[in-house]
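Trainee: You'll find structure.cif just under this line, and it carries mmCIF, N, CA and C atoms.
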data_entry
loop_
_atom_site.group_PDB
_atom_site.id
_atom_site.type_symbol
_atom_site.label_atom_id
_atom_site.label_comp_id
_atom_site.auth_asym_id
_atom_site.auth_seq_id
_atom_site.Cartn_x
_atom_site.Cartn_y
_atom_site.Cartn_z
ATOM 1 N N MET B 1 38.088 23.038 2.018
ATOM 2 C CA MET B 1 36.993 23.348 1.148
ATOM 3 C C MET B 1 36.503 24.772 1.392
ATOM 4 N N TYR B 2 36.391 25.151 2.641
ATOM 5 C CA TYR B 2 35.927 26.505 2.945
ATOM 6 C C TYR B 2 36.849 27.546 2.302
ATOM 7 N N LEU B 3 38.137 27.313 2.381
ATOM 8 C CA LEU B 3 39.090 28.268 1.794
ATOM 9 C C LEU B 3 38.965 28.324 0.276
ATOM 10 N N TRP B 4 38.718 27.188 -0.369
ATOM 11 C CA TRP B 4 38.539 27.192 -1.817
ATOM 12 C C TRP B 4 37.338 28.044 -2.209
ATOM 13 N N VAL B 5 36.263 27.917 -1.445
ATOM 14 C CA VAL B 5 35.050 28.676 -1.765
ATOM 15 C C VAL B 5 35.270 30.165 -1.547
ATOM 16 N N THR B 6 35.957 30.522 -0.487
ATOM 17 C CA THR B 6 36.157 31.944 -0.213
ATOM 18 C C THR B 6 37.198 32.575 -1.137
ATOM 19 N N GLU B 7 38.135 31.788 -1.644
ATOM 20 C CA GLU B 7 39.140 32.329 -2.571
ATOM 21 C C GLU B 7 38.604 32.492 -3.984
ATOM 22 N N GLN B 8 37.739 31.624 -4.405
ATOM 23 C CA GLN B 8 37.075 31.639 -5.710
ATOM 24 C C GLN B 8 37.966 31.403 -6.918
ATOM 25 N N VAL B 9 39.249 31.466 -6.817
ATOM 26 C CA VAL B 9 40.100 31.352 -8.004
ATOM 27 C C VAL B 9 41.050 30.156 -7.958
ATOM 28 N N SER B 10 41.017 29.390 -6.904
ATOM 29 C CA SER B 10 41.931 28.266 -6.767
ATOM 30 C C SER B 10 41.645 27.208 -7.831
ATOM 31 N N GLN B 11 42.693 26.724 -8.465
ATOM 32 C CA GLN B 11 42.587 25.654 -9.453
ATOM 33 C C GLN B 11 42.714 24.270 -8.804
ATOM 34 N N GLU B 12 43.065 24.238 -7.527
ATOM 35 C CA GLU B 12 43.288 22.964 -6.844
ATOM 36 C C GLU B 12 42.063 22.047 -6.868
ATOM 37 N N PRO B 13 40.854 22.543 -6.592
ATOM 38 C CA PRO B 13 39.693 21.635 -6.648
ATOM 39 C C PRO B 13 39.502 21.030 -8.039
ATOM 40 N N ILE B 14 39.772 21.807 -9.072
ATOM 41 C CA ILE B 14 39.642 21.300 -10.441
ATOM 42 C C ILE B 14 40.630 20.177 -10.676
ATOM 43 N N GLU B 15 41.867 20.370 -10.232
ATOM 44 C CA GLU B 15 42.888 19.343 -10.408
ATOM 45 C C GLU B 15 42.533 18.065 -9.660
ATOM 46 N N ILE B 16 42.005 18.198 -8.452
ATOM 47 C CA ILE B 16 41.615 17.018 -7.660
ATOM 48 C C ILE B 16 40.490 16.271 -8.358
ATOM 49 N N LEU B 17 39.502 17.000 -8.859
ATOM 50 C CA LEU B 17 38.392 16.361 -9.567
ATOM 51 C C LEU B 17 38.877 15.661 -10.834
ATOM 52 N N LYS B 18 39.803 16.285 -11.563
ATOM 53 C CA LYS B 18 40.370 15.663 -12.770
ATOM 54 C C LYS B 18 41.095 14.366 -12.420
ATOM 55 N N GLU B 19 41.920 14.402 -11.363
ATOM 56 C CA GLU B 19 42.699 13.227 -10.955
ATOM 57 C C GLU B 19 41.811 12.034 -10.623
ATOM 58 N N HIS B 20 40.594 12.316 -10.144
ATOM 59 C CA HIS B 20 39.703 11.236 -9.712
ATOM 60 C C HIS B 20 38.573 10.979 -10.703
ATOM 61 N N ASP B 21 38.750 11.458 -11.933
ATOM 62 C CA ASP B 21 37.821 11.189 -13.041
ATOM 63 C C ASP B 21 36.396 11.708 -12.817
ATOM 64 N N TYR B 22 36.272 12.882 -12.231
ATOM 65 C CA TYR B 22 34.974 13.545 -12.098
ATOM 66 C C TYR B 22 34.882 14.619 -13.180
ATOM 67 N N GLU B 23 34.771 14.163 -14.427
ATOM 68 C CA GLU B 23 34.842 15.068 -15.575
ATOM 69 C C GLU B 23 33.735 16.122 -15.572
ATOM 70 N N LEU B 24 32.497 15.713 -15.372
ATOM 71 C CA LEU B 24 31.396 16.687 -15.388
ATOM 72 C C LEU B 24 31.559 17.738 -14.299
ATOM 73 N N GLN B 25 31.984 17.300 -13.127
ATOM 74 C CA GLN B 25 32.138 18.221 -12.012
ATOM 75 C C GLN B 25 33.260 19.225 -12.256
ATOM 76 N N TYR B 26 34.416 18.760 -12.738
ATOM 77 C CA TYR B 26 35.509 19.716 -12.937
ATOM 78 C C TYR B 26 35.213 20.649 -14.094
ATOM 79 N N LYS B 27 34.538 20.164 -15.122
ATOM 80 C CA LYS B 27 34.190 21.054 -16.228
ATOM 81 C C LYS B 27 33.164 22.092 -15.788
ATOM 82 N N GLY B 28 32.242 21.681 -14.931
ATOM 83 C CA GLY B 28 31.272 22.632 -14.396
ATOM 84 C C GLY B 28 31.945 23.701 -13.556
ATOM 85 N N LEU B 29 32.894 23.296 -12.738
ATOM 86 C CA LEU B 29 33.622 24.254 -11.912
ATOM 87 C C LEU B 29 34.468 25.187 -12.778
ATOM 88 N N GLU B 30 35.107 24.631 -13.798
ATOM 89 C CA GLU B 30 35.886 25.475 -14.713
ATOM 90 C C GLU B 30 35.005 26.537 -15.368
ATOM 91 N N SER B 31 33.820 26.130 -15.798
ATOM 92 C CA SER B 31 32.937 27.106 -16.448
ATOM 93 C C SER B 31 32.440 28.149 -15.454
ATOM 94 N N THR B 32 32.239 27.753 -14.205
ATOM 95 C CA THR B 32 31.823 28.712 -13.179
ATOM 96 C C THR B 32 32.917 29.752 -12.951
ATOM 97 N N LEU B 33 34.174 29.312 -12.939
ATOM 98 C CA LEU B 33 35.283 30.245 -12.715
ATOM 99 C C LEU B 33 35.444 31.239 -13.871
ATOM 100 N N LYS B 34 34.917 30.890 -15.037
ATOM 101 C CA LYS B 34 35.030 31.776 -16.207
ATOM 102 C C LYS B 34 33.880 32.777 -16.316
ATOM 103 N N LEU B 35 32.905 32.698 -15.412
ATOM 104 C CA LEU B 35 31.771 33.623 -15.455
ATOM 105 C C LEU B 35 32.214 35.046 -15.130
ATOM 106 N N ALA B 36 31.352 35.999 -15.466
ATOM 107 C CA ALA B 36 31.612 37.393 -15.108
ATOM 108 C C ALA B 36 31.722 37.500 -13.590
ATOM 109 N N ASP B 37 32.510 38.452 -13.120
ATOM 110 C CA ASP B 37 32.760 38.598 -11.683
ATOM 111 C C ASP B 37 31.480 38.622 -10.858
ATOM 112 N N LYS B 38 30.491 39.367 -11.293
ATOM 113 C CA LYS B 38 29.258 39.524 -10.514
ATOM 114 C C LYS B 38 28.527 38.183 -10.389
ATOM 115 N N GLN B 39 28.448 37.426 -11.486
ATOM 116 C CA GLN B 39 27.798 36.113 -11.443
ATOM 117 C C GLN B 39 28.572 35.148 -10.558
ATOM 118 N N ARG B 40 29.884 35.114 -10.744
ATOM 119 C CA ARG B 40 30.726 34.210 -9.954
ATOM 120 C C ARG B 40 30.634 34.551 -8.470
ATOM 121 N N ASP B 41 30.643 35.844 -8.145
ATOM 122 C CA ASP B 41 30.527 36.264 -6.741
ATOM 123 C C ASP B 41 29.216 35.785 -6.135
ATOM 124 N N GLY B 42 28.144 35.832 -6.924
ATOM 125 C CA GLY B 42 26.849 35.371 -6.431
ATOM 126 C C GLY B 42 26.841 33.887 -6.138
ATOM 127 N N ILE B 43 27.420 33.115 -7.036
ATOM 128 C CA ILE B 43 27.464 31.659 -6.851
ATOM 129 C C ILE B 43 28.315 31.300 -5.641
ATOM 130 N N PHE B 44 29.504 31.880 -5.561
ATOM 131 C CA PHE B 44 30.389 31.543 -4.449
ATOM 132 C C PHE B 44 29.883 32.130 -3.130
ATOM 133 N N GLY B 45 29.192 33.261 -3.199
ATOM 134 C CA GLY B 45 28.600 33.831 -1.988
ATOM 135 C C GLY B 45 27.547 32.903 -1.407
ATOM 136 N N THR B 46 26.723 32.329 -2.277
ATOM 137 C CA THR B 46 25.706 31.369 -1.827
ATOM 138 C C THR B 46 26.369 30.115 -1.259
ATOM 139 N N ALA B 47 27.390 29.617 -1.948
ATOM 140 C CA ALA B 47 28.104 28.425 -1.462
ATOM 141 C C ALA B 47 28.728 28.684 -0.095
ATOM 142 N N GLU B 48 29.278 29.871 0.089
ATOM 143 C CA GLU B 48 29.905 30.202 1.369
ATOM 144 C C GLU B 48 28.879 30.194 2.494
ATOM 145 N N LYS B 49 27.687 30.722 2.223
ATOM 146 C CA LYS B 49 26.626 30.693 3.242
ATOM 147 C C LYS B 49 26.247 29.256 3.592
ATOM 148 N N MET B 50 26.256 28.387 2.584
ATOM 149 C CA MET B 50 25.852 27.002 2.804
ATOM 150 C C MET B 50 26.876 26.209 3.612
ATOM 151 N N ILE B 51 28.129 26.619 3.583
ATOM 152 C CA ILE B 51 29.147 25.857 4.312
ATOM 153 C C ILE B 51 29.692 26.610 5.530
ATOM 154 N N GLN B 52 28.956 27.589 6.001
ATOM 155 C CA GLN B 52 29.366 28.334 7.198
ATOM 156 C C GLN B 52 29.633 27.407 8.382
ATOM 157 N N CYS B 53 28.894 26.297 8.438
ATOM 158 C CA CYS B 53 29.062 25.374 9.571
ATOM 159 C C CYS B 53 30.486 24.821 9.646
ATOM 160 N N LEU B 54 31.226 24.848 8.540
ATOM 161 C CA LEU B 54 32.595 24.317 8.566
ATOM 162 C C LEU B 54 33.545 25.207 9.348
ATOM 163 N N LYS B 55 33.098 26.405 9.709
ATOM 164 C CA LYS B 55 33.930 27.268 10.549
ATOM 165 C C LYS B 55 33.869 26.841 12.010
ATOM 166 N N SER B 56 32.886 26.035 12.361
ATOM 167 C CA SER B 56 32.748 25.529 13.728
ATOM 168 C C SER B 56 33.735 24.380 13.939
ATOM 169 N N ARG B 57 34.538 24.475 14.979
ATOM 170 C CA ARG B 57 35.513 23.415 15.255
ATOM 171 C C ARG B 57 34.830 22.085 15.520
ATOM 172 N N ASN B 58 33.693 22.115 16.198
ATOM 173 C CA ASN B 58 32.977 20.861 16.482
ATOM 174 C C ASN B 58 32.506 20.199 15.198
ATOM 175 N N THR B 59 31.954 20.988 14.283
ATOM 176 C CA THR B 59 31.505 20.428 13.010
ATOM 177 C C THR B 59 32.690 19.938 12.203
ATOM 178 N N LEU B 60 33.732 20.719 12.159
ATOM 179 C CA LEU B 60 34.907 20.349 11.387
ATOM 180 C C LEU B 60 35.513 19.047 11.898
ATOM 181 N N ARG B 61 35.523 18.866 13.215
ATOM 182 C CA ARG B 61 36.038 17.609 13.782
ATOM 183 C C ARG B 61 35.177 16.436 13.335
ATOM 184 N N TRP B 62 33.891 16.676 13.151
ATOM 185 C CA TRP B 62 32.983 15.603 12.757
ATOM 186 C C TRP B 62 33.180 15.225 11.288
ATOM 187 N N VAL B 63 33.305 16.202 10.404
ATOM 188 C CA VAL B 63 33.383 15.904 8.968
ATOM 189 C C VAL B 63 34.798 15.643 8.478
ATOM 190 N N ALA B 64 35.803 15.999 9.235
ATOM 191 C CA ALA B 64 37.191 15.798 8.809
ATOM 192 C C ALA B 64 37.971 15.090 9.907
ATOM 193 N N ARG B 65 37.521 13.914 10.262
ATOM 194 C CA ARG B 65 38.175 13.154 11.328
ATOM 195 C C ARG B 65 39.576 12.728 10.932
ATOM 196 N N PRO B 66 40.525 12.835 11.854
ATOM 197 C CA PRO B 66 41.861 12.299 11.580
ATOM 198 C C PRO B 66 41.785 10.773 11.506
ATOM 199 N N ALA B 67 42.674 10.173 10.749
ATOM 200 C CA ALA B 67 42.673 8.720 10.571
ATOM 201 C C ALA B 67 42.855 7.966 11.893
ATOM 202 N N ALA B 68 43.520 8.595 12.850
ATOM 203 C CA ALA B 68 43.791 7.927 14.121
ATOM 204 C C ALA B 68 42.526 7.763 14.968
ATOM 205 N N ARG B 69 41.491 8.565 14.683
ATOM 206 C CA ARG B 69 40.246 8.466 15.461
ATOM 207 C C ARG B 69 39.122 7.976 14.549
ATOM 208 N N PRO B 70 38.667 6.740 14.720
ATOM 209 C CA PRO B 70 37.616 6.224 13.845
ATOM 210 C C PRO B 70 36.285 6.934 14.087
ATOM 211 N N TRP B 71 35.434 6.863 13.095
ATOM 212 C CA TRP B 71 34.099 7.455 13.214
ATOM 213 C C TRP B 71 33.313 6.736 14.294
ATOM 214 N N PRO B 72 32.483 7.452 15.040
ATOM 215 C CA PRO B 72 31.660 6.783 16.044
ATOM 216 C C PRO B 72 30.613 5.893 15.370
ATOM 217 N N ARG B 73 30.261 4.829 16.022
ATOM 218 C CA ARG B 73 29.254 3.911 15.481
ATOM 219 C C ARG B 73 27.874 4.501 15.690
ATOM 220 N N ILE B 74 27.070 4.459 14.662
ATOM 221 C CA ILE B 74 25.698 4.964 14.744
ATOM 222 C C ILE B 74 24.802 3.799 15.115
ATOM 223 N N PRO B 75 24.006 3.947 16.195
ATOM 224 C CA PRO B 75 23.118 2.846 16.592
ATOM 225 C C PRO B 75 22.207 2.450 15.433
ATOM 226 N N GLY B 76 22.106 1.148 15.193
ATOM 227 C CA GLY B 76 21.237 0.651 14.128
ATOM 228 C C GLY B 76 21.889 0.620 12.765
ATOM 229 N N ALA B 77 23.067 1.196 12.624
ATOM 230 C CA ALA B 77 23.745 1.177 11.322
ATOM 231 C C ALA B 77 24.129 -0.252 10.992
ATOM 232 N N GLY B 78 24.002 -0.611 9.750
ATOM 233 C CA GLY B 78 24.337 -1.953 9.331
ATOM 234 C C GLY B 78 23.170 -2.909 9.423
ATOM 235 N N SER B 79 22.034 -2.421 9.891
ATOM 236 C CA SER B 79 20.850 -3.252 9.965
ATOM 237 C C SER B 79 20.403 -3.594 8.552
ATOM 238 N N THR B 80 19.930 -4.813 8.341
ATOM 239 C CA THR B 80 19.496 -5.216 7.008
ATOM 240 C C THR B 80 18.032 -4.875 6.763
ATOM 241 N N ARG B 81 17.317 -4.465 7.772
ATOM 242 C CA ARG B 81 15.904 -4.134 7.619
ATOM 243 C C ARG B 81 15.762 -2.690 7.165
ATOM 244 N N ALA B 82 15.198 -2.486 6.012
ATOM 245 C CA ALA B 82 15.003 -1.132 5.489
ATOM 246 C C ALA B 82 13.769 -0.515 6.113
ATOM 247 N N THR B 83 13.834 0.765 6.394
ATOM 248 C CA THR B 83 12.690 1.465 6.964
ATOM 249 C C THR B 83 11.984 2.329 5.937
ATOM 250 N N SER B 84 12.540 2.472 4.759
ATOM 251 C CA SER B 84 11.903 3.250 3.701
ATOM 252 C C SER B 84 12.302 2.651 2.362
ATOM 253 N N PRO B 85 11.504 2.915 1.316
ATOM 254 C CA PRO B 85 11.866 2.354 0.015
ATOM 255 C C PRO B 85 13.150 2.972 -0.499
ATOM 256 N N PRO B 86 13.871 2.271 -1.370
ATOM 257 C CA PRO B 86 15.105 2.827 -1.933
ATOM 258 C C PRO B 86 14.829 4.135 -2.656
ATOM 259 N N LEU B 87 15.846 4.977 -2.764
ATOM 260 C CA LEU B 87 15.679 6.241 -3.469
ATOM 261 C C LEU B 87 15.221 5.979 -4.892
ATOM 262 N N GLY B 88 14.334 6.840 -5.354
ATOM 263 C CA GLY B 88 13.860 6.718 -6.718
ATOM 264 C C GLY B 88 12.690 5.762 -6.860
ATOM 265 N N ARG B 89 12.302 5.086 -5.800
ATOM 266 C CA ARG B 89 11.167 4.172 -5.857
ATOM 267 C C ARG B 89 10.115 4.617 -4.872
ATOM 268 N N ARG B 90 8.891 4.563 -5.307
ATOM 269 C CA ARG B 90 7.812 4.925 -4.406
ATOM 270 C C ARG B 90 7.171 3.674 -3.846
ATOM 271 N N SER B 91 6.702 3.793 -2.657
ATOM 272 C CA SER B 91 5.995 2.696 -2.033
ATOM 273 C C SER B 91 4.654 2.518 -2.733
ATOM 274 N N THR B 92 4.237 1.259 -2.915
ATOM 275 C CA THR B 92 2.952 1.020 -3.569
ATOM 276 C C THR B 92 1.810 1.047 -2.571
ATOM 277 N N SER B 93 2.109 0.966 -1.304
ATOM 278 C CA SER B 93 1.048 1.013 -0.309
ATOM 279 C C SER B 93 0.787 2.452 0.108
ATOM 280 N N SER B 94 -0.455 2.710 0.453
ATOM 281 C CA SER B 94 -0.857 4.050 0.863
ATOM 282 C C SER B 94 -0.583 4.227 2.345
ATOM 283 N N PRO B 95 -0.069 5.376 2.762
ATOM 284 C CA PRO B 95 0.186 5.581 4.182
ATOM 285 C C PRO B 95 -1.102 5.858 4.963
ATOM 286 N N ARG B 96 -2.223 6.107 4.250
ATOM 287 C CA ARG B 96 -3.495 6.408 4.922
ATOM 288 C C ARG B 96 -4.081 5.176 5.553
ATOM 289 N N LYS B 97 -4.819 5.395 6.614
ATOM 290 C CA LYS B 97 -5.582 4.331 7.262
ATOM 291 C C LYS B 97 -7.020 4.451 6.768
ATOM 292 N N GLY B 98 -7.647 3.343 6.431
ATOM 293 C CA GLY B 98 -9.046 3.358 6.011
ATOM 294 C C GLY B 98 -9.203 3.697 4.545
ATOM 295 N N PRO B 99 -10.449 3.854 4.115
ATOM 296 C CA PRO B 99 -10.706 4.117 2.692
ATOM 297 C C PRO B 99 -10.282 5.520 2.290
ATOM 298 N N ALA B 100 -10.020 5.665 1.002
ATOM 299 C CA ALA B 100 -9.630 6.968 0.467
ATOM 300 C C ALA B 100 -10.835 7.902 0.496
ATOM 301 N N PRO B 101 -10.612 9.217 0.688
ATOM 302 C CA PRO B 101 -11.727 10.156 0.698
ATOM 303 C C PRO B 101 -12.355 10.225 -0.700
ATOM 304 N N PRO B 102 -13.665 10.563 -0.766
ATOM 305 C CA PRO B 102 -14.316 10.638 -2.086
ATOM 306 C C PRO B 102 -13.706 11.743 -2.917
ATOM 307 N N ARG B 103 -13.640 11.521 -4.236
ATOM 308 C CA ARG B 103 -13.098 12.525 -5.140
ATOM 309 C C ARG B 103 -14.144 13.578 -5.399
ATOM 310 N N ARG B 104 -13.669 14.801 -5.507
ATOM 311 C CA ARG B 104 -14.577 15.886 -5.864
ATOM 312 C C ARG B 104 -14.819 15.848 -7.357
ATOM 313 N N SER B 105 -16.037 16.095 -7.734
ATOM 314 C CA SER B 105 -16.311 16.142 -9.166
ATOM 315 C C SER B 105 -15.976 17.559 -9.663
ATOM 316 N N PRO B 106 -15.451 17.646 -10.889
ATOM 317 C CA PRO B 106 -15.076 18.962 -11.406
ATOM 318 C C PRO B 106 -16.296 19.846 -11.603
ATOM 319 N N ARG B 107 -16.126 21.125 -11.389
ATOM 320 C CA ARG B 107 -17.235 22.067 -11.585
ATOM 321 C C ARG B 107 -17.432 22.315 -13.066
ATOM 322 N N PRO B 108 -18.702 22.411 -13.482
ATOM 323 C CA PRO B 108 -18.974 22.658 -14.913
ATOM 324 C C PRO B 108 -18.644 24.059 -15.330
#
Could you write out this file's structure as C-alpha cells?

Mentor:
Amino acid sequence: MYLWVTEQVSQEPIEILKEHDYELQYKGLESTLKLADKQRDGIFGTAEKMIQCLKSRNTLRWVARPAARPWPRIPGAGSTRATSPPLGRRSTSSPRKGPAPPRRSPRP
C-alpha cells in the first residue's frame, strides 16, 4: 500500500477494488488519478504522511501478519457485554451526575 501511494500512478489498486466489487472506491480512485498533477500530488502527499507508520517494521509486522503467525488475542475480546452504544446511536441517559444546570435565559 505504501508503494502504491508513493507511486501515484499504479492501476493495481483499482483492479483489486474492481475484482472485489468496491465500485465507488475504485471509481473515486480513478477520478483522483485523472486530476491535475498539482491536485493529485497534494492528495497523495497527504495520504503518504498518514501512512508513514507503515515504514516501521514493527508496525508492518502488526498490520500485515503472515498466515503462519496468528493475531495475538486481545484481552476481553469476544465479550458479549457492550461498554458503549453501537455506532450511530446515542445513549439516552445523561453522563452527568445530579440535576442539570439551570438554563441561561437569552439576553433581550

Trainee: Near segment 32-46 of chain B, within 7 Å and counting only C-alpha atoms, which residues show up once chain neighbours fewer than 3 positions away are dropped, as a PyMOL selection string?

Mentor: chain B and resi 5+8-9+28-29+49-50

Trainee: Considering only C-alpha atoms, can you say which of B:Thr59, B:Tyr26, B:Met1, B:Ile51 comes closest to Ile14 of chain B?

Mentor: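 Of the candidates, the smallest distance to Ile14 of chain B is held by B:Tyr26.
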
Trainee: Give the answer as one residue: which of B:Ser31, B:Thr6, B:Gln11, B:Gln25 has the shortest atom-to-atom distance to Ala47 of chain B, using all atoms listed in the file?

Mentor: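 Selected residue with least distance to Ala47 of chain B: B:Thr6.
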
Trainee: What is the distance, in Å and to one decimal place, between atom N of Arg73 of chain B and atom N of Leu60 of chain B?

Mentor: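 Between these atoms lies a distance of 16.7 Å.
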
Trainee: Report the distance between atom N of Tyr2 of chain B and atom CA of Leu54 of chain B in Å, rounded to one decimal place.

Mentor: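 Atom-to-atom, atom N of Tyr2 of chain B to atom CA of Leu54 of chain B, that is 7.1 Å.
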
Trainee: Would you return as a ChimeraX atom specification the members of segment 8-52 of chain B that DSSP assigns to helix (DSSP H, G or I) on this structure's backbone?

Mentor: /B:12-19,23-33,37-50,52

Trainee: Given the selection you just returned, output its residues as a file containing N, CA and C atoms, formatted as an mmCIF file, in the frame of the given file.

Mentor:
data_model
loop_
_atom_site.group_PDB
_atom_site.id
_atom_site.type_symbol
_atom_site.label_atom_id
_atom_site.label_comp_id
_atom_site.auth_asym_id
_atom_site.auth_seq_id
_atom_site.Cartn_x
_atom_site.Cartn_y
_atom_site.Cartn_z
ATOM 1 N N GLU B 12 43.065 24.238 -7.527
ATOM 2 C CA GLU B 12 43.288 22.964 -6.844
ATOM 3 C C GLU B 12 42.063 22.047 -6.868
ATOM 4 N N PRO B 13 40.854 22.543 -6.592
ATOM 5 C CA PRO B 13 39.693 21.635 -6.648
ATOM 6 C C PRO B 13 39.502 21.030 -8.039
ATOM 7 N N ILE B 14 39.772 21.807 -9.072
ATOM 8 C CA ILE B 14 39.642 21.300 -10.441
ATOM 9 C C ILE B 14 40.630 20.177 -10.676
ATOM 10 N N GLU B 15 41.867 20.370 -10.232
ATOM 11 C CA GLU B 15 42.888 19.343 -10.408
ATOM 12 C C GLU B 15 42.533 18.065 -9.660
ATOM 13 N N ILE B 16 42.005 18.198 -8.452
ATOM 14 C CA ILE B 16 41.615 17.018 -7.660
ATOM 15 C C ILE B 16 40.490 16.271 -8.358
ATOM 16 N N LEU B 17 39.502 17.000 -8.859
ATOM 17 C CA LEU B 17 38.392 16.361 -9.567
ATOM 18 C C LEU B 17 38.877 15.661 -10.834
ATOM 19 N N LYS B 18 39.803 16.285 -11.563
ATOM 20 C CA LYS B 18 40.370 15.663 -12.770
ATOM 21 C C LYS B 18 41.095 14.366 -12.420
ATOM 22 N N GLU B 19 41.920 14.402 -11.363
ATOM 23 C CA GLU B 19 42.699 13.227 -10.955
ATOM 24 C C GLU B 19 41.811 12.034 -10.623
ATOM 25 N N GLU B 23 34.771 14.163 -14.427
ATOM 26 C CA GLU B 23 34.842 15.068 -15.575
ATOM 27 C C GLU B 23 33.735 16.122 -15.572
ATOM 28 N N LEU B 24 32.497 15.713 -15.372
ATOM 29 C CA LEU B 24 31.396 16.687 -15.388
ATOM 30 C C LEU B 24 31.559 17.738 -14.299
ATOM 31 N N GLN B 25 31.984 17.300 -13.127
ATOM 32 C CA GLN B 25 32.138 18.221 -12.012
ATOM 33 C C GLN B 25 33.260 19.225 -12.256
ATOM 34 N N TYR B 26 34.416 18.760 -12.738
ATOM 35 C CA TYR B 26 35.509 19.716 -12.937
ATOM 36 C C TYR B 26 35.213 20.649 -14.094
ATOM 37 N N LYS B 27 34.538 20.164 -15.122
ATOM 38 C CA LYS B 27 34.190 21.054 -16.228
ATOM 39 C C LYS B 27 33.164 22.092 -15.788
ATOM 40 N N GLY B 28 32.242 21.681 -14.931
ATOM 41 C CA GLY B 28 31.272 22.632 -14.396
ATOM 42 C C GLY B 28 31.945 23.701 -13.556
ATOM 43 N N LEU B 29 32.894 23.296 -12.738
ATOM 44 C CA LEU B 29 33.622 24.254 -11.912
ATOM 45 C C LEU B 29 34.468 25.187 -12.778
ATOM 46 N N GLU B 30 35.107 24.631 -13.798
ATOM 47 C CA GLU B 30 35.886 25.475 -14.713
ATOM 48 C C GLU B 30 35.005 26.537 -15.368
ATOM 49 N N SER B 31 33.820 26.130 -15.798
ATOM 50 C CA SER B 31 32.937 27.106 -16.448
ATOM 51 C C SER B 31 32.440 28.149 -15.454
ATOM 52 N N THR B 32 32.239 27.753 -14.205
ATOM 53 C CA THR B 32 31.823 28.712 -13.179
ATOM 54 C C THR B 32 32.917 29.752 -12.951
ATOM 55 N N LEU B 33 34.174 29.312 -12.939
ATOM 56 C CA LEU B 33 35.283 30.245 -12.715
ATOM 57 C C LEU B 33 35.444 31.239 -13.871
ATOM 58 N N ASP B 37 32.510 38.452 -13.120
ATOM 59 C CA ASP B 37 32.760 38.598 -11.683
ATOM 60 C C ASP B 37 31.480 38.622 -10.858
ATOM 61 N N LYS B 38 30.491 39.367 -11.293
ATOM 62 C CA LYS B 38 29.258 39.524 -10.514
ATOM 63 C C LYS B 38 28.527 38.183 -10.389
ATOM 64 N N GLN B 39 28.448 37.426 -11.486
ATOM 65 C CA GLN B 39 27.798 36.113 -11.443
ATOM 66 C C GLN B 39 28.572 35.148 -10.558
ATOM 67 N N ARG B 40 29.884 35.114 -10.744
ATOM 68 C CA ARG B 40 30.726 34.210 -9.954
ATOM 69 C C ARG B 40 30.634 34.551 -8.470
ATOM 70 N N ASP B 41 30.643 35.844 -8.145
ATOM 71 C CA ASP B 41 30.527 36.264 -6.741
ATOM 72 C C ASP B 41 29.216 35.785 -6.135
ATOM 73 N N GLY B 42 28.144 35.832 -6.924
ATOM 74 C CA GLY B 42 26.849 35.371 -6.431
ATOM 75 C C GLY B 42 26.841 33.887 -6.138
ATOM 76 N N ILE B 43 27.420 33.115 -7.036
ATOM 77 C CA ILE B 43 27.464 31.659 -6.851
ATOM 78 C C ILE B 43 28.315 31.300 -5.641
ATOM 79 N N PHE B 44 29.504 31.880 -5.561
ATOM 80 C CA PHE B 44 30.389 31.543 -4.449
ATOM 81 C C PHE B 44 29.883 32.130 -3.130
ATOM 82 N N GLY B 45 29.192 33.261 -3.199
ATOM 83 C CA GLY B 45 28.600 33.831 -1.988
ATOM 84 C C GLY B 45 27.547 32.903 -1.407
ATOM 85 N N THR B 46 26.723 32.329 -2.277
ATOM 86 C CA THR B 46 25.706 31.369 -1.827
ATOM 87 C C THR B 46 26.369 30.115 -1.259
ATOM 88 N N ALA B 47 27.390 29.617 -1.948
ATOM 89 C CA ALA B 47 28.104 28.425 -1.462
ATOM 90 C C ALA B 47 28.728 28.684 -0.095
ATOM 91 N N GLU B 48 29.278 29.871 0.089
ATOM 92 C CA GLU B 48 29.905 30.202 1.369
ATOM 93 C C GLU B 48 28.879 30.194 2.494
ATOM 94 N N LYS B 49 27.687 30.722 2.223
ATOM 95 C CA LYS B 49 26.626 30.693 3.242
ATOM 96 C C LYS B 49 26.247 29.256 3.592
ATOM 97 N N MET B 50 26.256 28.387 2.584
ATOM 98 C CA MET B 50 25.852 27.002 2.804
ATOM 99 C C MET B 50 26.876 26.209 3.612
ATOM 100 N N GLN B 52 28.956 27.589 6.001
ATOM 101 C CA GLN B 52 29.366 28.334 7.198
ATOM 102 C C GLN B 52 29.633 27.407 8.382
#

Trainee: Calculate how many Å separate atom CA of Val63 of chain B from atom CA of Leu3 of chain B, rounding to one decimal.

Mentor: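 Interatomic distance, atom CA of Val63 of chain B to atom CA of Leu3 of chain B: 15.4 Å.
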
Trainee: Starting from the structure just given, write a file holding segment 41-53 of chain B with C-alpha atoms, as a short mmCIF file (atom, residue, chain, number, x, y, z; two decimals), in the first residue's frame.

Mentor:
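And here's decode26.cif as it stands now:
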data_model
loop_
_atom_site.label_atom_id
_atom_site.label_comp_id
_atom_site.auth_asym_id
_atom_site.auth_seq_id
_atom_site.Cartn_x
_atom_site.Cartn_y
_atom_site.Cartn_z
CA ASP B 41 0.30 15.46 -5.65
CA GLY B 42 -1.48 17.18 -2.77
CA ILE B 43 -3.86 14.29 -2.20
CA PHE B 44 -1.18 11.62 -2.38
CA GLY B 45 1.22 13.73 -0.32
CA THR B 46 -1.34 13.88 2.49
CA ALA B 47 -2.02 10.13 2.19
CA GLU B 48 1.71 9.42 2.38
CA LYS B 49 2.00 11.42 5.61
CA MET B 50 -0.92 9.47 7.06
CA ILE B 51 0.66 6.08 6.36
CA GLN B 52 4.24 6.88 7.37
CA CYS B 53 3.86 4.36 10.20
#
